[in-house]
Every structure is written in structure tokens, then in C-alpha cells.
>>> print(open('run-v4.tsv').read())   # TSV, C-alpha atoms
chain	number	residue	atom	x	y	z
M	1	MET	CA	4.17	26.22	-2.25
M	2	ALA	CA	3.35	23.09	-0.26
M	3	LEU	CA	2.83	19.92	-2.24
M	4	ILE	CA	-0.77	18.79	-2.74
M	5	PRO	CA	-1.44	15.43	-1.05
M	6	VAL	CA	-2.97	12.69	-3.21
M	7	THR	CA	-4.90	9.62	-2.06
M	8	ILE	CA	-5.45	6.65	-4.37
M	9	LEU	CA	-8.70	4.80	-3.74
M	10	THR	CA	-8.76	1.27	-5.11
M	11	GLY	CA	-10.70	-1.95	-4.65
M	12	PHE	CA	-12.38	-4.60	-6.73
M	13	LEU	CA	-15.70	-4.08	-8.53
M	14	GLY	CA	-18.52	-3.58	-6.04
M	15	SER	CA	-16.28	-3.13	-3.01
M	16	GLY	CA	-17.81	0.23	-2.09
M	17	LYS	CA	-15.32	2.77	-3.46
M	18	THR	CA	-18.05	5.03	-4.83
M	19	THR	CA	-19.99	4.85	-1.55
M	20	LEU	CA	-16.90	5.91	0.39
M	21	LEU	CA	-16.12	8.64	-2.11
M	22	LYS	CA	-19.65	10.05	-1.98
M	23	ARG	CA	-19.35	10.21	1.77
M	24	ILE	CA	-16.03	12.03	1.58
M	25	LEU	CA	-17.44	14.51	-0.93
M	26	THR	CA	-20.74	15.24	0.79
M	27	GLU	CA	-19.49	15.44	4.38
M	28	ALA	CA	-19.22	18.99	5.69
M	29	HIS	CA	-15.49	18.89	6.38
M	30	GLY	CA	-14.66	22.25	4.85
M	31	GLN	CA	-11.87	20.76	2.74
M	32	LYS	CA	-11.62	21.44	-0.96
M	33	ILE	CA	-10.99	18.11	-2.64
M	34	ALA	CA	-10.40	17.41	-6.32
M	35	VAL	CA	-11.60	13.95	-7.32
M	36	ILE	CA	-10.21	12.25	-10.39
M	37	GLU	CA	-12.31	9.37	-11.62
M	38	ASN	CA	-10.54	6.85	-13.74
M	39	GLU	CA	-13.68	6.00	-15.61
M	40	PHE	CA	-14.16	2.56	-17.07
M	41	GLY	CA	-17.88	2.05	-17.49
M	42	GLU	CA	-18.50	1.66	-13.78
M	43	GLU	CA	-21.15	3.51	-11.83
M	44	ASN	CA	-20.19	7.12	-12.05
M	45	ILE	CA	-20.23	9.33	-9.00
M	46	ASP	CA	-21.81	12.15	-11.03
M	47	ASN	CA	-25.14	10.33	-11.19
M	48	ASP	CA	-26.23	11.22	-7.69
M	49	ILE	CA	-24.21	14.22	-6.67
M	50	LEU	CA	-23.45	16.17	-9.78
M	51	VAL	CA	-25.44	17.74	-12.52
M	52	SER	CA	-24.49	15.45	-15.33
M	53	GLU	CA	-25.66	17.53	-18.32
M	54	THR	CA	-22.22	18.99	-18.82
M	55	ASN	CA	-19.54	18.30	-21.35
M	56	GLU	CA	-16.86	19.76	-19.19
M	57	GLN	CA	-14.28	17.42	-17.76
M	58	ILE	CA	-13.95	19.40	-14.57
M	59	ILE	CA	-17.02	20.25	-12.50
M	60	GLN	CA	-17.02	22.55	-9.49
M	61	MET	CA	-19.34	21.29	-6.76
M	62	SER	CA	-21.45	23.25	-4.30
M	63	ASN	CA	-19.32	22.34	-1.28
M	64	GLY	CA	-16.15	23.55	-2.98
M	65	CYS	CA	-15.05	20.13	-4.15
M	66	ILE	CA	-14.12	19.52	-7.75
M	67	CYS	CA	-14.83	16.42	-9.81
M	68	CYS	CA	-13.16	15.45	-13.00
M	69	THR	CA	-13.31	12.35	-15.13
M	70	ILE	CA	-10.23	11.05	-16.87
M	71	ARG	CA	-10.72	9.95	-20.38
M	72	GLU	CA	-7.03	10.10	-21.11
M	73	ASP	CA	-3.73	9.91	-19.32
M	74	LEU	CA	-3.62	10.54	-15.58
M	75	ARG	CA	-0.45	12.58	-16.00
M	76	VAL	CA	-2.18	15.00	-18.39
M	77	THR	CA	-5.13	15.40	-16.03
M	78	LEU	CA	-2.86	16.11	-13.04
M	79	GLN	CA	-0.88	18.64	-15.06
M	80	LEU	CA	-4.13	20.33	-16.10
M	81	LEU	CA	-5.38	20.50	-12.49
M	82	GLY	CA	-2.01	21.81	-11.28
M	83	ALA	CA	-1.89	24.50	-13.98
M	84	LYS	CA	-5.47	25.66	-13.30
M	85	ARG	CA	-4.72	25.87	-9.59
M	86	ARG	CA	-1.57	27.92	-10.15
M	87	LYS	CA	-3.51	30.35	-12.34
M	88	GLY	CA	-6.19	30.72	-9.66
M	89	LEU	CA	-8.88	29.11	-11.84
M	90	LEU	CA	-9.41	26.19	-9.46
M	91	ASP	CA	-9.04	25.97	-5.71
M	92	PHE	CA	-8.40	22.62	-4.04
M	93	GLU	CA	-6.26	21.34	-1.17
M	94	ARG	CA	-6.00	17.65	-1.97
M	95	VAL	CA	-6.71	15.08	-4.66
M	96	VAL	CA	-8.45	11.71	-4.50
M	97	ILE	CA	-8.01	9.35	-7.46
M	98	GLU	CA	-10.63	6.62	-7.73
M	99	THR	CA	-9.26	3.81	-9.89
M	100	THR	CA	-11.44	1.37	-11.79
M	101	GLY	CA	-12.21	-1.92	-10.05
M	102	LEU	CA	-9.92	-3.80	-12.41
M	103	ALA	CA	-6.99	-1.42	-12.07
M	104	ASP	CA	-3.51	-2.20	-10.81
M	105	PRO	CA	-2.62	0.75	-8.53
M	106	GLY	CA	1.11	0.35	-9.33
M	107	PRO	CA	1.31	2.47	-12.48
M	108	VAL	CA	-0.91	5.12	-10.85
M	109	ALA	CA	1.50	5.30	-7.88
M	110	GLN	CA	4.53	5.40	-10.16
M	111	THR	CA	3.22	8.50	-11.95
M	112	PHE	CA	4.09	10.53	-8.84
M	113	PHE	CA	7.72	9.47	-8.86
M	114	MET	CA	8.51	9.27	-12.56
M	115	ASP	CA	7.32	12.64	-13.76
M	116	ASP	CA	9.24	15.65	-12.45
M	117	GLU	CA	6.46	18.13	-13.15
M	118	ILE	CA	3.96	16.00	-11.19
M	119	ALA	CA	6.47	15.43	-8.36
M	120	GLU	CA	6.98	19.20	-8.01
M	121	THR	CA	3.24	19.77	-7.47
M	122	PHE	CA	1.78	16.62	-5.90
M	123	LEU	CA	2.75	14.26	-3.09
M	124	LEU	CA	1.41	10.72	-3.01
M	125	ASP	CA	0.02	10.23	0.49
M	126	SER	CA	-1.38	6.71	0.51
M	127	ILE	CA	-3.22	3.92	-1.26
M	128	LEU	CA	-6.54	2.89	0.31
M	129	THR	CA	-7.97	-0.48	-0.70
M	130	LEU	CA	-11.59	-1.48	-0.18
M	131	VAL	CA	-12.31	-5.19	0.17
M	132	ASP	CA	-15.83	-6.64	-0.10
M	133	ALA	CA	-16.15	-9.16	2.77
M	134	LYS	CA	-18.90	-11.10	1.03
M	135	HIS	CA	-17.08	-11.74	-2.25
M	136	ALA	CA	-13.42	-11.17	-1.35
M	137	GLN	CA	-12.33	-14.77	-0.91
M	138	ALA	CA	-13.53	-15.74	-4.40
M	139	GLN	CA	-12.11	-12.54	-5.92
M	140	LEU	CA	-8.75	-13.10	-4.24
M	141	ASN	CA	-8.74	-16.71	-5.48
M	142	ASP	CA	-9.62	-15.84	-9.06
M	143	ARG	CA	-8.31	-12.36	-9.82
M	144	GLN	CA	-4.75	-11.20	-9.54
M	145	GLU	CA	-5.93	-7.57	-9.77
M	146	ALA	CA	-7.72	-8.03	-6.44
M	147	ARG	CA	-4.60	-9.54	-4.84
M	148	ARG	CA	-2.39	-6.75	-6.19
M	149	GLN	CA	-4.75	-4.12	-4.79
M	150	VAL	CA	-4.33	-5.70	-1.33
M	151	GLY	CA	-0.55	-5.88	-1.75
M	152	PHE	CA	-0.29	-2.17	-2.55
M	153	ALA	CA	-2.51	-0.95	0.30
M	154	ASP	CA	-1.43	1.39	3.09
M	155	GLN	CA	-4.87	0.99	4.69
M	156	ILE	CA	-7.50	-1.70	4.06
M	157	PHE	CA	-11.21	-1.03	4.61
M	158	ILE	CA	-13.42	-4.12	4.68
M	159	SER	CA	-16.97	-3.41	3.49
M	160	LYS	CA	-20.12	-5.57	3.83
M	161	SER	CA	-18.74	-7.37	6.89
M	162	ASP	CA	-22.31	-7.55	8.24
M	163	LEU	CA	-23.09	-10.01	5.42
M	164	VAL	CA	-20.61	-12.64	6.64
M	165	SER	CA	-20.16	-14.59	9.87
M	166	ALA	CA	-17.56	-13.62	12.48
M	167	SER	CA	-15.41	-16.64	11.57
M	168	GLU	CA	-15.56	-15.81	7.84
M	169	LEU	CA	-14.49	-12.24	8.60
M	170	ASP	CA	-11.68	-13.55	10.82
M	171	ASP	CA	-10.49	-15.87	8.02
M	172	LEU	CA	-10.48	-13.00	5.54
M	173	GLN	CA	-8.57	-10.70	7.89
M	174	HIS	CA	-6.01	-13.42	8.56
M	175	ARG	CA	-5.52	-13.91	4.83
M	176	LEU	CA	-5.20	-10.19	4.12
M	177	LYS	CA	-2.68	-9.83	6.94
M	178	HIS	CA	-0.44	-12.47	5.43
M	179	MET	CA	-0.66	-10.82	2.03
M	180	ASN	CA	0.07	-7.37	3.43
M	181	PRO	CA	1.18	-7.05	7.08
M	182	ARG	CA	1.93	-3.33	6.60
M	183	ALA	CA	-1.67	-2.21	6.15
M	184	PRO	CA	-4.00	-1.78	9.14
M	185	GLN	CA	-7.47	-3.24	8.51
M	186	LYS	CA	-10.83	-1.82	9.50
M	187	ALA	CA	-14.36	-3.09	8.90
M	188	VAL	CA	-16.58	-0.23	7.70
M	189	HIS	CA	-20.32	0.12	7.09
M	190	PHE	CA	-21.64	2.10	4.15
M	191	GLY	CA	-18.42	4.06	3.78
M	192	GLU	CA	-18.66	5.48	7.31
M	193	VAL	CA	-15.05	6.39	7.83
M	194	THR	CA	-13.63	9.47	9.55
M	195	LEU	CA	-11.46	11.66	7.34
M	196	ALA	CA	-8.54	11.11	9.72
M	197	GLU	CA	-8.56	7.46	8.62
M	198	VAL	CA	-8.50	8.44	4.95
M	199	PHE	CA	-6.22	11.46	4.63
M	200	ASP	CA	-2.66	12.27	5.71
M	201	LEU	CA	-1.74	8.65	6.42
M	202	ARG	CA	1.76	9.30	5.03
M	203	GLY	CA	2.03	5.82	3.58
M	204	PHE	CA	4.69	6.95	1.12
M	205	ASN	CA	6.48	9.13	3.63
M	206	LEU	CA	10.06	8.03	4.19
M	207	ASN	CA	9.87	8.03	7.95
M	208	ALA	CA	11.23	5.80	10.66
M	209	LYS	CA	7.89	4.26	11.52
M	210	LEU	CA	7.81	0.91	9.78
M	211	ASP	CA	4.22	-0.21	9.96
M	212	ILE	CA	4.29	-3.95	10.25
M	213	ASP	CA	1.50	-5.52	12.21
M	214	PRO	CA	3.19	-6.50	15.52
M	215	ASP	CA	1.10	-9.67	15.76
M	216	PHE	CA	2.34	-10.74	12.34
M	217	LEU	CA	5.92	-10.59	13.56
M	218	LYS	CA	5.03	-12.16	16.89
M	219	ASP	CA	3.27	-15.15	15.31
M	220	ASP	CA	6.10	-15.88	12.99
M	221	ALA	CA	8.82	-15.26	15.55
M	222	HIS	CA	7.03	-17.82	17.72
M	223	ASP	CA	6.89	-20.24	14.82
M	224	HIS	CA	10.46	-19.90	13.78
M	225	ALA	CA	12.28	-19.29	17.02
M	226	HIS	CA	13.15	-22.98	17.27
M	227	HIS	CA	14.38	-23.37	13.70
M	228	ASP	CA	18.12	-23.01	13.52
M	229	HIS	CA	18.92	-20.71	10.63
M	230	GLY	CA	22.58	-20.77	11.51
M	231	HIS	CA	22.58	-17.00	12.02
M	232	ASP	CA	22.43	-14.75	15.04
M	233	HIS	CA	19.23	-13.22	13.71
M	234	ASP	CA	15.89	-14.57	12.67
M	235	HIS	CA	13.76	-14.21	9.60
M	236	ALA	CA	10.03	-13.87	10.08
M	237	HIS	CA	8.28	-15.36	7.10
M	238	GLY	CA	4.86	-14.97	5.61
M	239	GLU	CA	2.53	-17.86	5.06
M	240	ALA	CA	4.86	-19.32	2.47
M	241	CYS	CA	6.33	-21.70	5.02
M	242	ASP	CA	5.09	-25.20	5.42
M	243	HIS	CA	6.28	-25.87	8.93
M	244	PRO	CA	3.78	-28.06	10.76
M	245	SER	CA	3.94	-25.74	13.78
M	246	HIS	CA	2.57	-22.96	11.57
M	247	GLN	CA	-0.39	-24.99	10.46
M	248	ALA	CA	-1.10	-26.14	13.97
M	249	GLN	CA	-0.97	-22.60	15.27
M	250	ALA	CA	-3.13	-21.25	12.49
M	251	GLY	CA	-5.97	-23.34	13.90
M	252	HIS	CA	-9.15	-22.94	11.88
M	253	HIS	CA	-7.61	-20.58	9.32
M	254	HIS	CA	-7.64	-22.06	5.86
M	255	ARG	CA	-4.35	-21.94	4.02
M	256	HIS	CA	-4.43	-19.89	0.87
M	257	ASP	CA	-1.44	-20.13	-1.36
M	258	ASP	CA	-1.80	-16.59	-2.70
M	259	ASP	CA	0.78	-15.42	-5.19
M	260	VAL	CA	0.84	-12.07	-3.36
M	261	LYS	CA	2.78	-12.75	-0.18
M	262	SER	CA	4.84	-10.84	2.30
M	263	PHE	CA	7.92	-11.68	4.27
M	264	VAL	CA	10.11	-9.83	6.70
M	265	PHE	CA	13.89	-9.71	7.06
M	266	ARG	CA	15.45	-8.73	10.38
M	267	SER	CA	19.05	-8.56	11.49
M	268	ASP	CA	21.10	-7.25	14.39
M	269	LYS	CA	24.16	-6.82	12.19
M	270	ALA	CA	24.82	-3.65	10.20
M	271	PHE	CA	24.55	-3.59	6.41
M	272	ASP	CA	27.49	-2.84	4.16
M	273	PRO	CA	26.07	0.08	2.09
M	274	ALA	CA	27.83	-0.77	-1.20
M	275	LYS	CA	26.91	-4.46	-1.06
M	276	LEU	CA	23.28	-3.71	-0.18
M	277	GLU	CA	22.95	-1.14	-2.96
M	278	ASP	CA	24.34	-3.59	-5.52
M	279	PHE	CA	22.12	-6.43	-4.34
M	280	LEU	CA	18.89	-4.40	-4.18
M	281	GLY	CA	19.67	-2.86	-7.57
M	282	ALA	CA	20.05	-6.33	-9.09
M	283	ILE	CA	16.90	-7.67	-7.40
M	284	VAL	CA	14.78	-4.70	-8.51
M	285	ASN	CA	16.14	-5.09	-12.03
M	286	ILE	CA	15.04	-8.72	-12.21
M	287	TYR	CA	11.93	-8.84	-10.01
M	288	GLY	CA	10.80	-5.17	-10.04
M	289	PRO	CA	7.48	-5.74	-11.82
M	290	ARG	CA	6.57	-8.39	-9.21
M	291	MET	CA	7.66	-6.27	-6.22
M	292	LEU	CA	4.56	-4.37	-5.12
M	293	ARG	CA	5.70	-2.55	-1.97
M	294	TYR	CA	8.85	-2.85	0.08
M	295	LYS	CA	10.00	-0.78	2.98
M	296	GLY	CA	12.65	-0.87	5.66
M	297	VAL	CA	14.43	0.81	8.56
M	298	LEU	CA	18.10	-0.11	8.27
M	299	ASN	CA	21.16	-0.14	10.48
M	300	MET	CA	23.87	0.91	8.02
M	301	LYS	CA	27.60	0.83	8.65
M	302	GLY	CA	29.16	4.29	8.61
M	303	THR	CA	26.19	6.31	9.85
M	304	GLU	CA	24.71	6.92	13.28
M	305	ARG	CA	21.32	7.54	11.72
M	306	LYS	CA	18.61	5.13	10.73
M	307	VAL	CA	18.37	4.67	6.98
M	308	ILE	CA	14.79	4.58	5.72
M	309	PHE	CA	14.08	3.00	2.36
M	310	GLN	CA	11.02	2.05	0.37
M	311	GLY	CA	9.97	1.20	-3.13
M	312	VAL	CA	7.16	0.48	-5.56
M	313	HIS	CA	8.00	-1.88	-8.42
M	314	GLN	CA	11.34	-0.73	-9.91
M	315	LEU	CA	11.34	2.63	-8.13
M	316	MET	CA	13.32	2.66	-4.91
M	317	GLY	CA	14.37	5.52	-2.65
M	318	SER	CA	16.22	5.93	0.64
M	319	ASP	CA	16.77	8.70	3.11
M	320	LEU	CA	18.63	9.34	6.35
M	321	GLY	CA	16.21	9.15	9.26
M	322	PRO	CA	16.66	10.15	12.90
M	323	LEU	CA	19.67	9.22	15.02
M	324	TRP	CA	19.57	5.88	16.79
M	325	ALA	CA	18.61	6.77	20.36
M	326	GLU	CA	21.08	6.16	23.14
M	327	GLY	CA	20.73	2.55	24.26
M	328	GLU	CA	18.32	1.74	21.41
M	329	HIS	CA	18.75	-1.74	19.96
M	330	LYS	CA	20.06	-1.25	16.43
M	331	MET	CA	18.18	-3.58	14.18
M	332	SER	CA	17.38	-3.66	10.47
M	333	LYS	CA	13.80	-4.56	9.53
M	334	MET	CA	12.55	-4.87	5.97
M	335	VAL	CA	9.18	-6.01	4.68
M	336	PHE	CA	8.65	-7.16	1.10
M	337	ILE	CA	5.22	-7.60	-0.51
M	338	GLY	CA	5.17	-9.07	-3.97
M	339	ILE	CA	3.99	-11.67	-6.45
M	340	ASP	CA	5.78	-15.01	-6.22
M	341	LEU	CA	8.98	-13.39	-5.01
M	342	PRO	CA	11.88	-15.84	-4.45
M	343	GLN	CA	11.96	-15.48	-0.68
M	344	ASP	CA	15.06	-17.66	-0.15
M	345	ILE	CA	17.10	-15.77	-2.74
M	346	LEU	CA	16.19	-12.44	-1.17
M	347	LEU	CA	16.86	-13.54	2.41
M	348	GLN	CA	20.19	-15.19	1.55
M	349	GLY	CA	21.23	-12.21	-0.57
M	350	LEU	CA	20.42	-9.75	2.23
M	351	ASP	CA	22.39	-11.95	4.64
M	352	GLN	CA	25.41	-11.63	2.40
M	353	CYS	CA	25.15	-7.82	2.47
M	354	LEU	CA	25.68	-7.72	6.23
M	355	VAL	CA	29.02	-6.56	7.65
>>> encode(input="run-v4.tsv", output="C-alpha cells")
Amino acid sequence: MALIPVTILTGFLGSGKTTLLKRILTEAHGQKIAVIENEFGEENIDNDILVSETNEQIIQMSNGCICCTIREDLRVTLQLLGAKRRKGLLDFERVVIETTGLADPGPVAQTFFMDDEIAETFLLDSILTLVDAKHAQAQLNDRQEARRQVGFADQIFISKSDLVSASELDDLQHRLKHMNPRAPQKAVHFGEVTLAEVFDLRGFNLNAKLDIDPDFLKDDAHDHAHHDHGHDHDHAHGEACDHPSHQAQAGHHHRHDDDVKSFVFRSDKAFDPAKLEDFLGAIVNIYGPRMLRYKGVLNMKGTERKVIFQGVHQLMGSDLGPLWAEGEHKMSKMVFIGIDLPQDILLQGLDQCLV
């Protein structure tokens, strides 16, 4: 039986998660969706759509969707849904988990990799993060939960962009890009998003497509091309660098020294598999809780295939991808998104794993 795709919907209080969810549930898309609400005293979706005089945890809706509210462990709820589906008591094709506004999506994502029973039934598709344009800058300044939600995202939707000026929106987008260059951003109004932008994004799919915003790499390559690293490859850094050229180029963008930052490692040389495995194992052991998302397409000695790897916190996986095409430039690219990660230690350590 095919695995059931799961989408995690996250975002700070008031960012519009419930609005987006209501839209997904009420749209006539013909899909049967199970929604798990990680309830924490926020506005409940049941109020408008569902008949709320029920003690049942799971409610079947008129359009075939199912809603259930977690008052316990996510794992237990997923097991319950999976069991009911296998017995033919419930019919659904995908799951959306709405986290509370104060939640860290990390442990939710880890559930799908740490529990064999869950992994045999469900497949984590992606993490969607909603960001409130009006209040985001203050939330990102003050609340690490908000920064972590951005760091985990596979797709960022910016709500309430009509309430800010074009330059404020531009500043916010610039900041989000430096925190997470992997996630495409889109301004949305009242949760008006097509389902194609919400489902089957394959953010956790180990595939060869490494989604790093090309402009992010271009900017930094431009910045750092003239700095002699003493290597025959360059490192593109996030906003952690204090080179004057970077500030000059950033123009009117305000510098935010966010603890959630991203940086990219690139090299033309092949990796030594044993050295890389030892180094990444050690890094994940020490810094795992601060490593939000990391992903790479690697040129590995001893194989003609691309090696695809990615991780969340301490959980890391790799897979053989497609063959390098004839004449294709073999290059390793890795992006790391984390909280106060020691960029220099990681970049130097990765250098030392090259053949």
C-alpha cells in the first residue's frame, strides 16, 4: 500500500494557519484529507466548519475530510488514524498536521523517522511555514520559535503583505532568504493558495534537486569571489559574514544577526566517504539539536552516482541518486540551516574530508 503523504503546517500565532487550513478543507478538490490539530488553546478550526457538540476526537466532514484534535501524543494519534484506515473505518488520502503557534516543528518531523510503525504507513512530504508580514520582524527578533519555524520550512507563505509597504516586504523576504535559502517564498492573501503549492512538494524526498535559491548563491559568490580561501573551490556564506562588500551590496537591507542562519559548502573535489561519514557523525552528535535542516548533493569517490543526503536535527540519511550525466560538472553542494552553528568548524572539517 502506498505511503500516506503528510504535510506539517506551522507558523507563529496569528500568521494565518487556520485561514489556510479552512481554505484547504472547504475547497472542492475531491481529496480526502485528515487534519490533525495540535491544540493549544488557539482558535479551533471546528468553530466555523464543524459541528462542535461532539466528544469524539475524530470527526468526519461533509466533503469527505476528517478532523481530529490531538490531546495526547502525535504518534498515538497517527497510529490510531492508520489503524482505522486499514480496517476500512476511515478513508483519507493525506494528512495535514497543524502545529500550535509556539511549536518547534522539529520533534513533529522526527516522529516520521524515529517510529517504524509510523514510517511504514506515513511519508513526511513537507513543512509549510506561514509568516505574518505585519508582525514578523518583531517576532523573529524576540522569539526563537518563530526563527526555528522559518529554518525548518520547505515552503514559506507570507500573509498580510498588504498591510506593509513594498520596502518592508522586501526587507522581510531578504531576511527570510538568509535564514533559509532552501524554501521558496510566496506572498498570499487570505490563505488563497492552490493545492499544488501545498501538497506533494517532496521536501523530504531524497532527490537530486537541491533547492537553494539561485540568487542566494549568486549574491554570495559575487561577494566572496575575490576573497582568497586558499582552495580551488569557494564557500558561499550566509549573512554571518562581515565583509564590507556584503554590506555595501545589501543596500537598504537592515542587517539582522539572527541565530538561525544558513550557509552553503561547495567543492569541485570528491569526498572521501569514510572521512565524511566520521566527520558528519561527530558534528551531528555535538550540534544535532541546533541543526534544523541540512541537505546536499555530493560527488563521492568510488561511485559514478550522485549521493543525496539530508537531515533534521540528529537524524541523517543518504541515498544513491542518478548517474552524473556525461560532461556534467561534478560538484558537491551542501546547505546547512541551524542555530548558531560554528560555520568555520563545519567548512574546515568538510574541506578535510575531500580526497
>>> axis_aligned_box(input="run-v4.tsv", around="region 274-292 of chain M", padding_each_side="5 Å", output="JSON")
{"center_x": 16.2, "center_y": -4.8, "center_z": -6.2, "size_x": 33.3, "size_y": 18.1, "size_z": 22.0}
>>> residues_around(input="run-v4.tsv", residues="region 324-333 of chain M", least_positions_apart="6", cutoff="6 Å", atoms="all atoms listed in the file", output="PyMOL selection string")
chain M and resi 265-268+296-299+305
>>> residues_around(input="run-v4.tsv", residues="Ile97 (chain M)", least_positions_apart="2", cutoff="7 Å", atoms="all atoms listed in the file", output="ChimeraX atom specification")
/M:7-9,35-37,95,99
>>> atom_distance(input="run-v4.tsv", atom1="CA of Arg175 (chain M)", atom2="CA of Asp258 (chain M)")
8.8 Å
>>> closest_residue(input="run-v4.tsv", among="M:Ala103, M:Cys353, M:Leu163, M:Leu89", to="Ala136 (chain M)", atoms="only C-alpha atoms")
M:Leu163
>>> atom_distance(input="run-v4.tsv", atom1="CA of Gln139 (chain M)", atom2="CA of Phe12 (chain M)")
8.0 Å
>>> closest_residue(input="run-v4.tsv", among="M:Val131, M:Ile158, M:Thr121, M:Arg147", to="Arg85 (chain M)", atoms="only C-alpha atoms")
M:Thr121
>>> atom_distance(input="run-v4.tsv", atom1="CA of Leu124 (chain M)", atom2="CA of Leu276 (chain M)")
26.4 Å
>>> residues_near_point(input="run-v4.tsv", point="(5.0, 14.9, -8.6)", cutoff="12 Å", atoms="all atoms listed in the file", output="PyMOL selection string")
chain M and resi 2-6+74-75+78-79+82+108-125
>>> residues_around(input="run-v4.tsv", residues="Ile127 (chain M)", least_positions_apart="5", cutoff="8 Å", atoms="all atoms listed in the file", output="short mmCIF file (atom, residue, chain, number, x, y, z; two decimals) with C-alpha atoms, in the frame of the given file")
data_model
loop_
_atom_site.label_atom_id
_atom_site.label_comp_id
_atom_site.auth_asym_id
_atom_site.auth_seq_id
_atom_site.Cartn_x
_atom_site.Cartn_y
_atom_site.Cartn_z
CA THR M 7 -4.90 9.62 -2.06
CA ILE M 8 -5.45 6.65 -4.37
CA LEU M 9 -8.70 4.80 -3.74
CA THR M 10 -8.76 1.27 -5.11
CA PRO M 105 -2.62 0.75 -8.53
CA PHE M 152 -0.29 -2.17 -2.55
CA ALA M 153 -2.51 -0.95 0.30
CA ASP M 154 -1.43 1.39 3.09
CA GLN M 155 -4.87 0.99 4.69
CA GLY M 203 2.03 5.82 3.58
#
>>> closest_residue(input="run-v4.tsv", among="M:Asp259, M:Glu197, M:Glu27, M:Glu168", to="Asp142 (chain M)", atoms="all atoms listed in the file")
M:Asp259
>>> closest_residue(input="run-v4.tsv", among="M:Lys269, M:Arg23, M:Arg143, M:Arg148", to="Gly106 (chain M)", atoms="all atoms listed in the file")
M:Arg148
>>> closest_residue(input="run-v4.tsv", among="M:Glu93, M:Pro107, M:Asp272, M:Lys17", to="Asp73 (chain M)", atoms="all atoms listed in the file")
M:Pro107
>>> closest_residue(input="run-v4.tsv", among="M:Gln144, M:Thr18, M:Ser161, M:Gln173", to="Arg290 (chain M)", atoms="all atoms listed in the file")
M:Gln144
>>> residues_near_point(input="run-v4.tsv", point="(-3.8, -7.9, -0.7)", cutoff="10 Å", atoms="all atoms listed in the file", output="PyMOL selection string")
chain M and resi 11+129+131+140+144-153+156+175-181+183+258-262+337-338
>>> residues_around(input="run-v4.tsv", residues="Ala196 (chain M)", least_positions_apart="4", cutoff="12 Å", atoms="all atoms listed in the file", output="list of chain:residue names")
M:Ile24, M:His29, M:Gln155, M:Glu192, M:Asp200, M:Leu201, M:Arg202
